[in-house]
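Enquirer: Here it is: the structure, laid out below.
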Amino acid sequence: MSEQKNSLEPIILCRDLNKWFGNFHVLKDVSLEVQPKEVLVIIGPSGSGKSTFIRCINRLEEHQEGQIVVDGIELSHDVRNIAAIRSEIGMVFQQFNLFPHLTVMENITLAPRFVRRQARRDAEGIALQLLERVGIPEQARKYPGQLSGGQQQRVAIARALAMQPKIMLFDEPTSALDPEMIKEVLDVMKELAQSGMTMLVVTHEMGFAREVADRIVLFDEGRIVEMGTPEHFFTNPQHERTKLFLSQIL
Amino acid sequence: MPGSSSDSPFYVAPLESPASRRPPVTTVGPLGWLRQNLFSSPANAIATALTMFVSGWVLWQILSWSVRSAQWGVIFNNLRLIGSGLYTPDQIWRVEWTAALLVFLLGLSTGVWGQVARRTLFAVGVILTIIVIIPLIGARIPEPRIYLLVEPQRNPSTLVFLGYKDQEVTFQIDPITDPEEASTSLAGYIENARSRTEWFTRAREARDGTLDFADHTLLLTARLLDARGTDLTVGDAPAQIISTPDDLGGKLTVKLPRDGWYMIQVVRDDTNKADNAGYAWLKVDGVELFPSQIDHVEALEDEYGLAPAPDQAVRAEQSLYRYEGTQNFAEYISLQVAPFFKNISTALFAGLALFINGALIGFLGKRERRVRRAALGGWLLAGPVILILLYGFEGSRSLPLVSTRLWGGLLLTILLTFIGIAASFPIGVLLALGRRSTLPVVKWTCTLLIETIRGVPLITILFMAKQIIPFFSPALVDIDLTIRMMIGMTLFSAAYLAENVRGGLQIIPNGQIEAARALGMNPALTMTLIVLPQALRAVIPAIMGQFISLFKDTSLVAVVGLYELVGIVDTITKGQPVYRPYQREAYIFVAIVYFVISYAMSDVSRRLESTGAGSTRRLK
Ligand SMILES: Nc1ncnc2c1ncn2[C@@H]1O[C@H](COP(=O)(O)OP(=O)(O)OP(=O)(O)O)[C@@H](O)[C@H]1O
Ligand SMILES: [Mg+2]
């Protein structure tokens with residue numbers, strides 16, 4: 001997967017992104033381009049701003065300086081822009097954030113029906129296909145509380161995919177899982193990457209990064225420290241911080 | 001085993017694990033339960049015994065009072081008033097339809113959302129059995145004796161009663177000549193207005209020695225007449241008893257020839273009226289008292305003709321008599337319970353049938369979206385439909401206007417509750433959302449409103465609703481009192497509800513909102529599809545508690561002069577002298593009604609929490 005994808009236009013473009021929480025400067029001059037179908041893995045120590053960065057991309061957080069362009073639309077205060085961009089981008093959270101009062105099927109069909117105005121029948125058809133894809137078609141009528149963590153995270157992935165996004169954001173999707181369940185979620189993500197989805201993945205799973213990523217980005221203290229192919233990253237890291245981080249994590 | 005292998009550093013368990021054994025008998029089963037819960041320590045044992053003794057004693061007192069002495073006629077003779085207050089009697093069908101609609105909707109909802117539990121079926125079965133069996137038992141127990149006092153100077157009363165073919169009626173003249181008799185207690189129905197008061201006065205005088213019962217000169221003839229005043233006959237002789245000072249008293253049993261009105265008339269020889277002395281009881285056995293409801297009496301007269309109305313007539317009608325003495329259990333059933341069920345059995349039957357129908361439809365159509373929608377829509381529409389049905393239209397022929405001032409009784413209580421719930425729920429939710437709003441003006445307005453209302457007692461709000469609403473605008477003067485009370489109750493309930501809902505909103509994790517936003521939902525969708533459903537479910541117990549207090553608090557509108565359940569009962573027991581002695585019964589009945597409805601509401605709440613759509617289990 002390390003072959004370079006040289007598309008004409010980046011699907012995500014960040015230029016000189018700056019963000020503060022109060023006086024705390026979380027993101028410092030972050031510039032990054034993501035090509036369509038690229039899988040970008042973001043690593044870095046805790047508190048380095050990884051989550052904040054990917055949450056800026058679908059505007060769960062607001063940046064104060066710089067520019068983010070997603071699929072040709074620049075993020076601004078315009079509510080319609082935000083809605084348009086959010087429906088292009090799916091997001092999977094560390095804590096799953098499934099809707100506990102709805103069944104798996106309802107979790108997946110809710111947004112397509114009420115945001116995309118799909119007919120219930122169509123939405124359910126698509127939902128079943130997606131559940132098939134993530135390997136749990138038999139759980140459609142259950143409630144999230146009745147599923148294991150791995151199953152819940154797979155439902156969350158199916159829920160995001162149901163909006164037919166062009167980009168998927170993953171914020172530590174396996175960090176809240178027991179070790180036996182991590183693999184089933186990673187398998188789904190690998191399959192998704194192979195199918196050509198553009199993915200931004202924050203993770204500590206170095207095996208996954210090595211195998212699936214097109215590029216890896218290391219964040220530290222709100223800035224990008226090093227960026228490159230997995231090969232470059234694991235065999236020939238340049239920055240001292242990268243070496244330190246890899247020595248701690250591997 | 002570890003012990004045996006203590007010299008070896010290894011321990012390996014045998015391949016088969018040991019068989020499970022039962023726990024010691026004293027720790028499980030009923031015995032274990034008793035031991036652990038009631039008699040776990042000497043202090044606990046004493047507490048158990050003491051509590052059981054006290055509660056047993058209280059229960060026994062209540063039970064024995066309600067069997068032996070309680071007279072529930074005040075309830076079953078006033079069912080219409082208690083049910084719907086002064087609502088125009090010939091328009092009462094509108095109240096009945098309202099009740100029917102509500103009962104059907106309740107059934108439907110039970111079917112759709114409730115577990116049609118074995119308990120529900122059991123309750124239905126029990127009620128059916130009771131309304132069939134009780135009147136049957138009641139019919140087999142002899143009617144208690146009726147007493148009318150014959151006095152020396154005042155003209156004797158004539159008993160007018162309804163008899164049936166082959167019914168045996170026994171009547172008796174029993175002169176009171178023995179002072180002993182003055183202290184013997186009577187057992188049966190004593191005519192209240194004259195006989196009973198007179199009797200108590202005379203008995204006291206006899207005890208004081210100012211009256212001598214032995215002085216008896218009355219010459220009396222008691223005659224059994226039919227509706228036209230013709231003497232009935234026994235054999236060839238007219239059915240009459242003659243009592244003279246020399247030949248005291250007499251007793252006669254007559255079999256009635258046909259259905260219809262009859263009279264027992266006592267004639268006193270008044271040739272020397274001033275010299276008359278002595279008292280006598282006219283005692284009648286085998287005559288049934290009919291209920292004193294206007295519509296019931298009218299129905300009787302439709303069937304058997306107008307009741308004869310001779311001078312000094314006293315009809316055999318419940319409200320004119322007072323029961324003296326204690327009832328045994330059989331009498332309790334036949335006098336207190338049976339008439340009650342006879343009165344309400346038609347309504348109860350109809351209600352049950354509607355409920356069961358609704359529940360069946362709901363249960364069978366549970367999976368059909370149409371049925372679920374109908375149930376929900378039914379409740380939404382019920383409010384306006386009921387209001388229009390009950391209020392009617394100015395000048396309409398089929399639905400003439402019935403002023404809300406006439407609405408009363410249980411009807412008004414339920415309407416106030418129903419409207420209060422239906423209106424305060426959305427207002428409360430909006431206030432809660434407003435209080436969490438990011439717009440300062442909205443936020444402060446809502447907060448101010450909520451805190452002001454919560455800081456004032458309901459009764460003050462009701463008085464203010466009465467006095468102040470017209471103050472805002474002259475157009476509001478015309479809003480009638482009942483509507484003003486509804487507004488007051490609604491606002492009060494909404495303020496408390498808002499705080500409950502706010503509590504629910506606070507516990508929704510931010511992740512839920514982020515997930516919804518990440519899926520492209522706008523704030524309105526996020527609120528209605530994700531946040532509110534979870535927040536409301538989390539506070540169902542608090543909200544239902546709020547609604548239950550709203551239901552009970554409706555009794556406060558009595559203070560501004562509306563006759564809801566408590567108000568009307570108060571009016572009945574204070575306004576009608578014959579019912580004045582029965583306040584205890586009346587208020588116990590009111591308490592039972594409140595309790596049953598409150599209990600049902602909290603039962604619904606518990607079900608909502610533990611099963612079905614609102615399960616907190618799923619909210620993990
Ligand atoms: N809403 C907020 N308000 C103030 N500070 C915040 C907020 N969210 C995050 N931060 C701070 O910003 C910094 C970056 O947070 P972020 O969640 O992006 O880190 P992260 O790299 O995802 O860390 P982790 O690996 O622990 O998830 C942290 O120091 C955090 O404390
Ligand atoms: Mg993070």
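In the structure tokens, chains take the letters A, B, ... in the order shown, each chain's residues start at 1, and ligands count up from 1 in the order shown.
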Restrict the calculation to only C-alpha atoms, then for each residue of chain A with any atom at most 8 Å from an atom of chain B give the closest atom pair and their distance in Å to one decimal, rows by chain and rising residue number, as a tab-separated table.
Expert:
residue	atom	partner	partner_atom	distance
A:Asn58	CA	B:Ala518	CA	7.0
A:Leu60	CA	B:Glu514	CA	6.9
A:Ala83	CA	B:Gly520	CA	5.7
A:Ala84	CA	B:Gly520	CA	7.9
A:Arg86	CA	B:Gly520	CA	5.1
A:Ser87	CA	B:Gly520	CA	5.2
A:Ile89	CA	B:Ala518	CA	7.6
A:Gly90	CA	B:Leu519	CA	6.8
A:Met91	CA	B:Ala518	CA	6.3
A:Gln95	CA	B:Gly511	CA	7.9
A:Asn97	CA	B:Gln512	CA	5.6
A:Leu98	CA	B:Gln512	CA	7.3
A:Phe99	CA	B:Gln512	CA	6.8
A:Pro100	CA	B:Leu619	CA	5.2
A:His101	CA	B:Leu619	CA	6.1
A:Ala111	CA	B:Leu519	CA	6.2
A:Phe114	CA	B:Leu525	CA	7.9
A:Val115	CA	B:Met521	CA	6.2
A:Tyr143	CA	B:Arg618	CA	6.5
A:Pro144	CA	B:Arg618	CA	7.4
A:Gly145	CA	B:Arg618	CA	5.4
A:Gln146	CA	B:Arg618	CA	7.6
A:Ala160	CA	B:Leu519	CA	6.9
A:Met163	CA	B:Leu519	CA	7.4
Enquirer: Please produce, as a Markdown table, a per-residue contact table for chain A versus ligand 2 (criterion: any atom at most 8 Å away, only C-alpha atoms and all ligand atoms considered), showing the nearest atom pair and its distance in Å to one decimal, sorted by chain then residue number.
Expert:
| residue | atom | partner | partner_atom_place_in_ligand_line | distance |
| --- | --- | --- | --- | --- |
| A:Ser46 | CA | ligand 2 | 1 (Mg) | 7.0 |
| A:Gly47 | CA | ligand 2 | 1 (Mg) | 7.0 |
| A:Gly49 | CA | ligand 2 | 1 (Mg) | 7.1 |
| A:Lys50 | CA | ligand 2 | 1 (Mg) | 5.8 |
| A:Ser51 | CA | ligand 2 | 1 (Mg) | 4.1 |
| A:Thr52 | CA | ligand 2 | 1 (Mg) | 7.2 |
| A:Asp171 | CA | ligand 2 | 1 (Mg) | 6.5 |
| A:Glu172 | CA | ligand 2 | 1 (Mg) | 6.9 |
| A:Val202 | CA | ligand 2 | 1 (Mg) | 7.7 |
Enquirer: I want to know what sits within 10 Å of range 65-78 of chain A, based on only C-alpha atoms, with residues of the same chain fewer than 6 positions away left out; could you give that as a PyMOL selection string?
Expert: chain A and resi 9-20+27-34+36+56-59+84-86+88-89+166-167
Enquirer: Please run DSSP on the backbone and report, as a list in words, all residues within range 143-324 of chain B that come out as alpha helix (DSSP H).
Expert: Pro179, Glu180, Glu181, Ala182, Ser183, Thr197, Glu198, Trp199, Phe200, Thr201, Arg202, Ala203, Arg204, Glu205, Ala206, Arg207, Asp208, Ile294, Asp295, His296, Val297, Glu298, Ala299, Leu300, Glu301, Asp302, Glu303 and Tyr304 of chain B
Enquirer: Interatomic distance between CA of Asp226 in chain B and CA of Ser334 in chain B?
Expert: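 Interatomic distance, CA of Asp226 in chain B to CA of Ser334 in chain B: 26.8 Å.
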Enquirer: Skip range 95-109 of chain B itself and residues of its chain fewer than 3 positions away, then list as a list in words all residues within 8 Å of it, counting only C-alpha atoms.
Expert: Ser84, Gln91, Ile92, Val112, Trp113, Gly114, Gly351, Leu354, Phe355, Ile356, Asn357, Gly358, Ala359, Leu360, Ile361, Gly362, Phe363, Ala375, Gly378, Trp379, Ala382, Ile386, Leu389, Leu390 and Leu411 of chain B
Enquirer: Which neighbours of Phe290 in chain B fall inside 12 Å, counting only C-alpha atoms, when residues of the same chain fewer than 5 positions from it are skipped, and could you give them as a PDB file with N, CA and C atoms, in the first residue's frame?
Expert:
ATOM      1  N   GLY B  73     -74.230   4.468  51.565  1.00  0.00           N
ATOM      2  CA  GLY B  73     -75.295   5.056  50.749  1.00  0.00           C
ATOM      3  C   GLY B  73     -74.953   6.452  50.276  1.00  0.00           C
ATOM      4  N   PHE B  76     -73.204   5.705  46.978  1.00  0.00           N
ATOM      5  CA  PHE B  76     -73.905   5.174  45.821  1.00  0.00           C
ATOM      6  C   PHE B  76     -75.210   5.886  45.515  1.00  0.00           C
ATOM      7  N   ASN B  77     -75.692   6.711  46.435  1.00  0.00           N
ATOM      8  CA  ASN B  77     -76.850   7.521  46.081  1.00  0.00           C
ATOM      9  C   ASN B  77     -76.451   8.827  45.411  1.00  0.00           C
ATOM     10  N   GLU B 143     -83.925  -8.440  53.488  1.00  0.00           N
ATOM     11  CA  GLU B 143     -83.827  -6.995  53.692  1.00  0.00           C
ATOM     12  C   GLU B 143     -83.923  -6.705  55.182  1.00  0.00           C
ATOM     13  N   VAL B 160     -94.478   4.215  51.599  1.00  0.00           N
ATOM     14  CA  VAL B 160     -94.756   3.919  50.191  1.00  0.00           C
ATOM     15  C   VAL B 160     -93.589   3.103  49.670  1.00  0.00           C
ATOM     16  N   PHE B 161     -93.866   1.913  49.172  1.00  0.00           N
ATOM     17  CA  PHE B 161     -92.736   1.087  48.711  1.00  0.00           C
ATOM     18  C   PHE B 161     -93.078   0.362  47.425  1.00  0.00           C
ATOM     19  N   LEU B 162     -92.042  -0.201  46.844  1.00  0.00           N
ATOM     20  CA  LEU B 162     -92.208  -0.924  45.602  1.00  0.00           C
ATOM     21  C   LEU B 162     -92.139  -2.412  45.919  1.00  0.00           C
ATOM     22  N   GLY B 163     -93.180  -3.156  45.508  1.00  0.00           N
ATOM     23  CA  GLY B 163     -93.194  -4.584  45.804  1.00  0.00           C
ATOM     24  C   GLY B 163     -93.308  -5.389  44.524  1.00  0.00           C
ATOM     25  N   ASP B 295     -82.633   9.847  38.593  1.00  0.00           N
ATOM     26  CA  ASP B 295     -82.860   9.073  37.369  1.00  0.00           C
ATOM     27  C   ASP B 295     -83.330   7.656  37.678  1.00  0.00           C
ATOM     28  N   HIS B 296     -82.843   7.117  38.793  1.00  0.00           N
ATOM     29  CA  HIS B 296     -83.282   5.774  39.151  1.00  0.00           C
ATOM     30  C   HIS B 296     -84.772   5.784  39.501  1.00  0.00           C
ATOM     31  N   VAL B 297     -85.174   6.752  40.292  1.00  0.00           N
ATOM     32  CA  VAL B 297     -86.580   6.831  40.687  1.00  0.00           C
ATOM     33  C   VAL B 297     -87.457   7.065  39.451  1.00  0.00           C
ATOM     34  N   GLU B 298     -86.965   7.923  38.560  1.00  0.00           N
ATOM     35  CA  GLU B 298     -87.738   8.162  37.337  1.00  0.00           C
ATOM     36  C   GLU B 298     -87.910   6.879  36.536  1.00  0.00           C
ATOM     37  N   ALA B 299     -86.825   6.094  36.478  1.00  0.00           N
ATOM     38  CA  ALA B 299     -86.917   4.837  35.741  1.00  0.00           C
ATOM     39  C   ALA B 299     -87.958   3.928  36.377  1.00  0.00           C
ATOM     40  N   LEU B 300     -87.990   3.896  37.716  1.00  0.00           N
ATOM     41  CA  LEU B 300     -88.982   3.075  38.415  1.00  0.00           C
ATOM     42  C   LEU B 300     -90.392   3.539  38.074  1.00  0.00           C
ATOM     43  N   GLU B 301     -90.551   4.859  38.065  1.00  0.00           N
ATOM     44  CA  GLU B 301     -91.897   5.379  37.809  1.00  0.00           C
ATOM     45  C   GLU B 301     -92.321   5.149  36.371  1.00  0.00           C
ATOM     46  N   ARG B 315     -91.274   7.535  51.512  1.00  0.00           N
ATOM     47  CA  ARG B 315     -90.964   6.487  50.554  1.00  0.00           C
ATOM     48  C   ARG B 315     -89.866   5.569  51.084  1.00  0.00           C
ATOM     49  N   ALA B 316     -89.899   4.332  50.608  1.00  0.00           N
ATOM     50  CA  ALA B 316     -88.860   3.370  51.002  1.00  0.00           C
ATOM     51  C   ALA B 316     -87.627   3.636  50.151  1.00  0.00           C
ATOM     52  N   GLU B 317     -86.954   4.718  50.521  1.00  0.00           N
ATOM     53  CA  GLU B 317     -85.871   5.219  49.680  1.00  0.00           C
ATOM     54  C   GLU B 317     -84.652   5.442  50.565  1.00  0.00           C
ATOM     55  N   GLN B 318     -83.515   5.025  50.061  1.00  0.00           N
ATOM     56  CA  GLN B 318     -82.345   4.936  50.937  1.00  0.00           C
ATOM     57  C   GLN B 318     -82.015   6.197  51.728  1.00  0.00           C
ATOM     58  N   SER B 319     -82.078   7.338  51.063  1.00  0.00           N
ATOM     59  CA  SER B 319     -81.555   8.523  51.753  1.00  0.00           C
ATOM     60  C   SER B 319     -82.456   8.972  52.904  1.00  0.00           C
ATOM     61  N   LEU B 320     -83.684   8.403  52.995  1.00  0.00           N
ATOM     62  CA  LEU B 320     -84.582   8.843  54.065  1.00  0.00           C
ATOM     63  C   LEU B 320     -84.400   8.045  55.349  1.00  0.00           C
ATOM     64  N   TYR B 321     -83.545   7.040  55.298  1.00  0.00           N
ATOM     65  CA  TYR B 321     -83.391   6.157  56.446  1.00  0.00           C
ATOM     66  C   TYR B 321     -81.968   6.138  56.930  1.00  0.00           C
ATOM     67  N   LEU B 335     -76.337  -4.939  52.016  1.00  0.00           N
ATOM     68  CA  LEU B 335     -76.763  -3.545  52.152  1.00  0.00           C
ATOM     69  C   LEU B 335     -75.748  -2.569  51.602  1.00  0.00           C
ATOM     70  N   PRO B 339     -75.646  -3.105  46.622  1.00  0.00           N
ATOM     71  CA  PRO B 339     -76.257  -1.957  45.939  1.00  0.00           C
ATOM     72  C   PRO B 339     -75.230  -1.155  45.150  1.00  0.00           C
ATOM     73  N   PHE B 340     -74.045  -1.092  45.707  1.00  0.00           N
ATOM     74  CA  PHE B 340     -72.979  -0.370  45.041  1.00  0.00           C
ATOM     75  C   PHE B 340     -72.716  -0.961  43.671  1.00  0.00           C
ATOM     76  N   LYS B 342     -74.597  -3.023  42.068  1.00  0.00           N
ATOM     77  CA  LYS B 342     -75.788  -2.973  41.225  1.00  0.00           C
ATOM     78  C   LYS B 342     -75.823  -1.637  40.501  1.00  0.00           C
ATOM     79  N   ASN B 343     -75.436  -0.590  41.233  1.00  0.00           N
ATOM     80  CA  ASN B 343     -75.425   0.741  40.652  1.00  0.00           C
ATOM     81  C   ASN B 343     -74.427   0.909  39.532  1.00  0.00           C
TER      82      ASN B 343
END
Enquirer: Please return as a PDB file with all heavy atoms, in the first residue's frame: the residues of range 302-472 of chain B that backbone DSSP assigns to strand (DSSP E or B).
Expert:
ATOM      1  N   ALA B 313     -96.504  10.888  53.362  1.00  0.00           N
ATOM      2  CA  ALA B 313     -95.869   9.735  52.734  1.00  0.00           C
ATOM      3  C   ALA B 313     -94.374   9.720  53.036  1.00  0.00           C
ATOM      4  O   ALA B 313     -93.724  10.754  53.053  1.00  0.00           O
ATOM      5  CB  ALA B 313     -96.074   9.788  51.223  1.00  0.00           C
ATOM      6  N   VAL B 314     -93.871   8.536  53.306  1.00  0.00           N
ATOM      7  CA  VAL B 314     -92.423   8.339  53.443  1.00  0.00           C
ATOM      8  C   VAL B 314     -92.057   7.217  52.504  1.00  0.00           C
ATOM      9  O   VAL B 314     -92.540   6.102  52.671  1.00  0.00           O
ATOM     10  CB  VAL B 314     -92.049   7.949  54.880  1.00  0.00           C
ATOM     11  CG1 VAL B 314     -90.563   7.680  54.960  1.00  0.00           C
ATOM     12  CG2 VAL B 314     -92.455   9.013  55.848  1.00  0.00           C
ATOM     13  N   ARG B 315     -91.274   7.535  51.512  1.00  0.00           N
ATOM     14  CA  ARG B 315     -90.964   6.487  50.554  1.00  0.00           C
ATOM     15  C   ARG B 315     -89.866   5.569  51.084  1.00  0.00           C
ATOM     16  O   ARG B 315     -89.030   5.968  51.889  1.00  0.00           O
ATOM     17  CB  ARG B 315     -90.517   7.102  49.235  1.00  0.00           C
ATOM     18  CG  ARG B 315     -91.688   7.806  48.567  1.00  0.00           C
ATOM     19  CD  ARG B 315     -91.517   7.840  47.096  1.00  0.00           C
ATOM     20  NE  ARG B 315     -90.542   8.847  46.690  1.00  0.00           N
ATOM     21  CZ  ARG B 315     -90.465   9.310  45.444  1.00  0.00           C
ATOM     22  NH1 ARG B 315     -91.305   8.842  44.516  1.00  0.00           N
ATOM     23  NH2 ARG B 315     -89.577  10.200  45.141  1.00  0.00           N
ATOM     24  N   GLU B 317     -86.954   4.718  50.521  1.00  0.00           N
ATOM     25  CA  GLU B 317     -85.871   5.219  49.680  1.00  0.00           C
ATOM     26  C   GLU B 317     -84.652   5.442  50.565  1.00  0.00           C
ATOM     27  O   GLU B 317     -84.766   5.980  51.667  1.00  0.00           O
ATOM     28  CB  GLU B 317     -86.377   6.510  49.056  1.00  0.00           C
ATOM     29  CG  GLU B 317     -85.366   7.316  48.359  1.00  0.00           C
ATOM     30  CD  GLU B 317     -85.963   8.615  47.835  1.00  0.00           C
ATOM     31  OE1 GLU B 317     -87.184   8.676  47.557  1.00  0.00           O
ATOM     32  OE2 GLU B 317     -85.193   9.565  47.715  1.00  0.00           O
ATOM     33  N   TYR B 321     -83.545   7.040  55.298  1.00  0.00           N
ATOM     34  CA  TYR B 321     -83.391   6.157  56.446  1.00  0.00           C
ATOM     35  C   TYR B 321     -81.968   6.138  56.930  1.00  0.00           C
ATOM     36  O   TYR B 321     -81.030   6.395  56.184  1.00  0.00           O
ATOM     37  CB  TYR B 321     -83.832   4.727  56.079  1.00  0.00           C
ATOM     38  CG  TYR B 321     -85.290   4.663  55.739  1.00  0.00           C
ATOM     39  CD1 TYR B 321     -85.736   5.055  54.481  1.00  0.00           C
ATOM     40  CD2 TYR B 321     -86.229   4.283  56.687  1.00  0.00           C
ATOM     41  CE1 TYR B 321     -87.075   5.049  54.157  1.00  0.00           C
ATOM     42  CE2 TYR B 321     -87.582   4.271  56.381  1.00  0.00           C
ATOM     43  CZ  TYR B 321     -87.998   4.663  55.120  1.00  0.00           C
ATOM     44  OH  TYR B 321     -89.319   4.654  54.826  1.00  0.00           O
ATOM     45  N   ARG B 322     -81.851   5.797  58.171  1.00  0.00           N
ATOM     46  CA  ARG B 322     -80.518   5.675  58.726  1.00  0.00           C
ATOM     47  C   ARG B 322     -80.414   4.301  59.351  1.00  0.00           C
ATOM     48  O   ARG B 322     -81.334   3.848  60.025  1.00  0.00           O
ATOM     49  CB  ARG B 322     -80.341   6.753  59.787  1.00  0.00           C
ATOM     50  CG  ARG B 322     -79.109   6.645  60.598  1.00  0.00           C
ATOM     51  CD  ARG B 322     -78.181   7.779  60.277  1.00  0.00           C
ATOM     52  NE  ARG B 322     -76.864   7.498  60.818  1.00  0.00           N
ATOM     53  CZ  ARG B 322     -76.270   8.255  61.720  1.00  0.00           C
ATOM     54  NH1 ARG B 322     -76.871   9.350  62.140  1.00  0.00           N
ATOM     55  NH2 ARG B 322     -75.084   7.934  62.171  1.00  0.00           N
ATOM     56  N   TYR B 323     -79.317   3.642  59.081  1.00  0.00           N
ATOM     57  CA  TYR B 323     -79.149   2.296  59.628  1.00  0.00           C
ATOM     58  C   TYR B 323     -78.718   2.393  61.077  1.00  0.00           C
ATOM     59  O   TYR B 323     -77.802   3.117  61.420  1.00  0.00           O
ATOM     60  CB  TYR B 323     -78.117   1.528  58.814  1.00  0.00           C
ATOM     61  CG  TYR B 323     -78.139   0.047  59.094  1.00  0.00           C
ATOM     62  CD1 TYR B 323     -78.998  -0.782  58.376  1.00  0.00           C
ATOM     63  CD2 TYR B 323     -77.327  -0.507  60.061  1.00  0.00           C
ATOM     64  CE1 TYR B 323     -79.052  -2.134  58.632  1.00  0.00           C
ATOM     65  CE2 TYR B 323     -77.372  -1.863  60.331  1.00  0.00           C
ATOM     66  CZ  TYR B 323     -78.236  -2.666  59.615  1.00  0.00           C
ATOM     67  OH  TYR B 323     -78.278  -4.015  59.878  1.00  0.00           O
ATOM     68  N   GLU B 324     -79.393   1.648  61.952  1.00  0.00           N
ATOM     69  CA  GLU B 324     -79.013   1.596  63.365  1.00  0.00           C
ATOM     70  C   GLU B 324     -78.540   0.198  63.698  1.00  0.00           C
ATOM     71  O   GLU B 324     -79.011  -0.777  63.118  1.00  0.00           O
ATOM     72  CB  GLU B 324     -80.206   1.899  64.265  1.00  0.00           C
ATOM     73  CG  GLU B 324     -80.476   3.352  64.513  1.00  0.00           C
ATOM     74  CD  GLU B 324     -79.309   4.114  65.122  1.00  0.00           C
ATOM     75  OE1 GLU B 324     -78.633   3.573  66.017  1.00  0.00           O
ATOM     76  OE2 GLU B 324     -79.081   5.250  64.688  1.00  0.00           O
ATOM     77  N   PHE B 393     -71.653  23.761  21.980  1.00  0.00           N
ATOM     78  CA  PHE B 393     -71.674  25.004  21.226  1.00  0.00           C
ATOM     79  C   PHE B 393     -72.859  25.852  21.635  1.00  0.00           C
ATOM     80  O   PHE B 393     -73.931  25.343  21.951  1.00  0.00           O
ATOM     81  CB  PHE B 393     -71.764  24.708  19.726  1.00  0.00           C
ATOM     82  CG  PHE B 393     -70.621  23.884  19.228  1.00  0.00           C
ATOM     83  CD1 PHE B 393     -70.756  22.511  19.100  1.00  0.00           C
ATOM     84  CD2 PHE B 393     -69.407  24.467  18.921  1.00  0.00           C
ATOM     85  CE1 PHE B 393     -69.697  21.739  18.662  1.00  0.00           C
ATOM     86  CE2 PHE B 393     -68.349  23.709  18.475  1.00  0.00           C
ATOM     87  CZ  PHE B 393     -68.497  22.340  18.345  1.00  0.00           C
ATOM     88  N   PRO B 400     -75.719  21.245  23.215  1.00  0.00           N
ATOM     89  CA  PRO B 400     -75.890  22.557  23.825  1.00  0.00           C
ATOM     90  C   PRO B 400     -74.744  22.866  24.778  1.00  0.00           C
ATOM     91  O   PRO B 400     -74.105  21.944  25.303  1.00  0.00           O
ATOM     92  CB  PRO B 400     -77.217  22.436  24.577  1.00  0.00           C
ATOM     93  CG  PRO B 400     -77.403  20.991  24.791  1.00  0.00           C
ATOM     94  CD  PRO B 400     -76.750  20.296  23.639  1.00  0.00           C
ATOM     95  N   TRP B 407     -69.169  21.785  35.530  1.00  0.00           N
ATOM     96  CA  TRP B 407     -68.315  20.592  35.526  1.00  0.00           C
ATOM     97  C   TRP B 407     -67.825  20.355  36.939  1.00  0.00           C
ATOM     98  O   TRP B 407     -67.436  21.290  37.626  1.00  0.00           O
ATOM     99  CB  TRP B 407     -67.102  20.782  34.623  1.00  0.00           C
ATOM    100  CG  TRP B 407     -67.420  21.082  33.194  1.00  0.00           C
ATOM    101  CD1 TRP B 407     -68.650  21.363  32.679  1.00  0.00           C
ATOM    102  CD2 TRP B 407     -66.503  21.166  32.113  1.00  0.00           C
ATOM    103  NE1 TRP B 407     -68.542  21.604  31.344  1.00  0.00           N
ATOM    104  CE2 TRP B 407     -67.246  21.483  30.973  1.00  0.00           C
ATOM    105  CE3 TRP B 407     -65.128  20.985  31.997  1.00  0.00           C
ATOM    106  CZ2 TRP B 407     -66.657  21.639  29.727  1.00  0.00           C
ATOM    107  CZ3 TRP B 407     -64.545  21.140  30.765  1.00  0.00           C
ATOM    108  CH2 TRP B 407     -65.304  21.457  29.638  1.00  0.00           C
TER     109      TRP B 407
END
Enquirer: Pick out the residues sitting within 7 Å of range 185-188 of chain A, and hand them over as a list in words; count only C-alpha atoms, and ignore anything fewer than 4 positions along from it in its own chain.
Expert: Val134, Gly150, Gln153, Arg154, Met181 and Leu192 of chain A
Enquirer: Could you save the residues just selected, with C-alpha atoms, as a CSV table (one decimal), in the first residue's frame?
Expert:
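Ended up saving to again.csv:
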chain,number,residue,atom,x,y,z
A,134,VAL,CA,-18.8,-5.4,9.4
A,150,GLY,CA,-16.0,-4.8,19.6
A,153,GLN,CA,-17.5,-0.2,17.6
A,154,ARG,CA,-18.3,-2.1,14.4
A,181,MET,CA,-11.8,-7.4,20.4
A,192,LEU,CA,-12.4,-0.4,4.4
Enquirer: Could you please determine the separation between CA of Ala423 in chain B and CA of Ile592 in chain B in Å, to one decimal place?
Expert: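 Atom-to-atom, CA of Ala423 in chain B and CA of Ile592 in chain B are spaced 26.8 Å apart.
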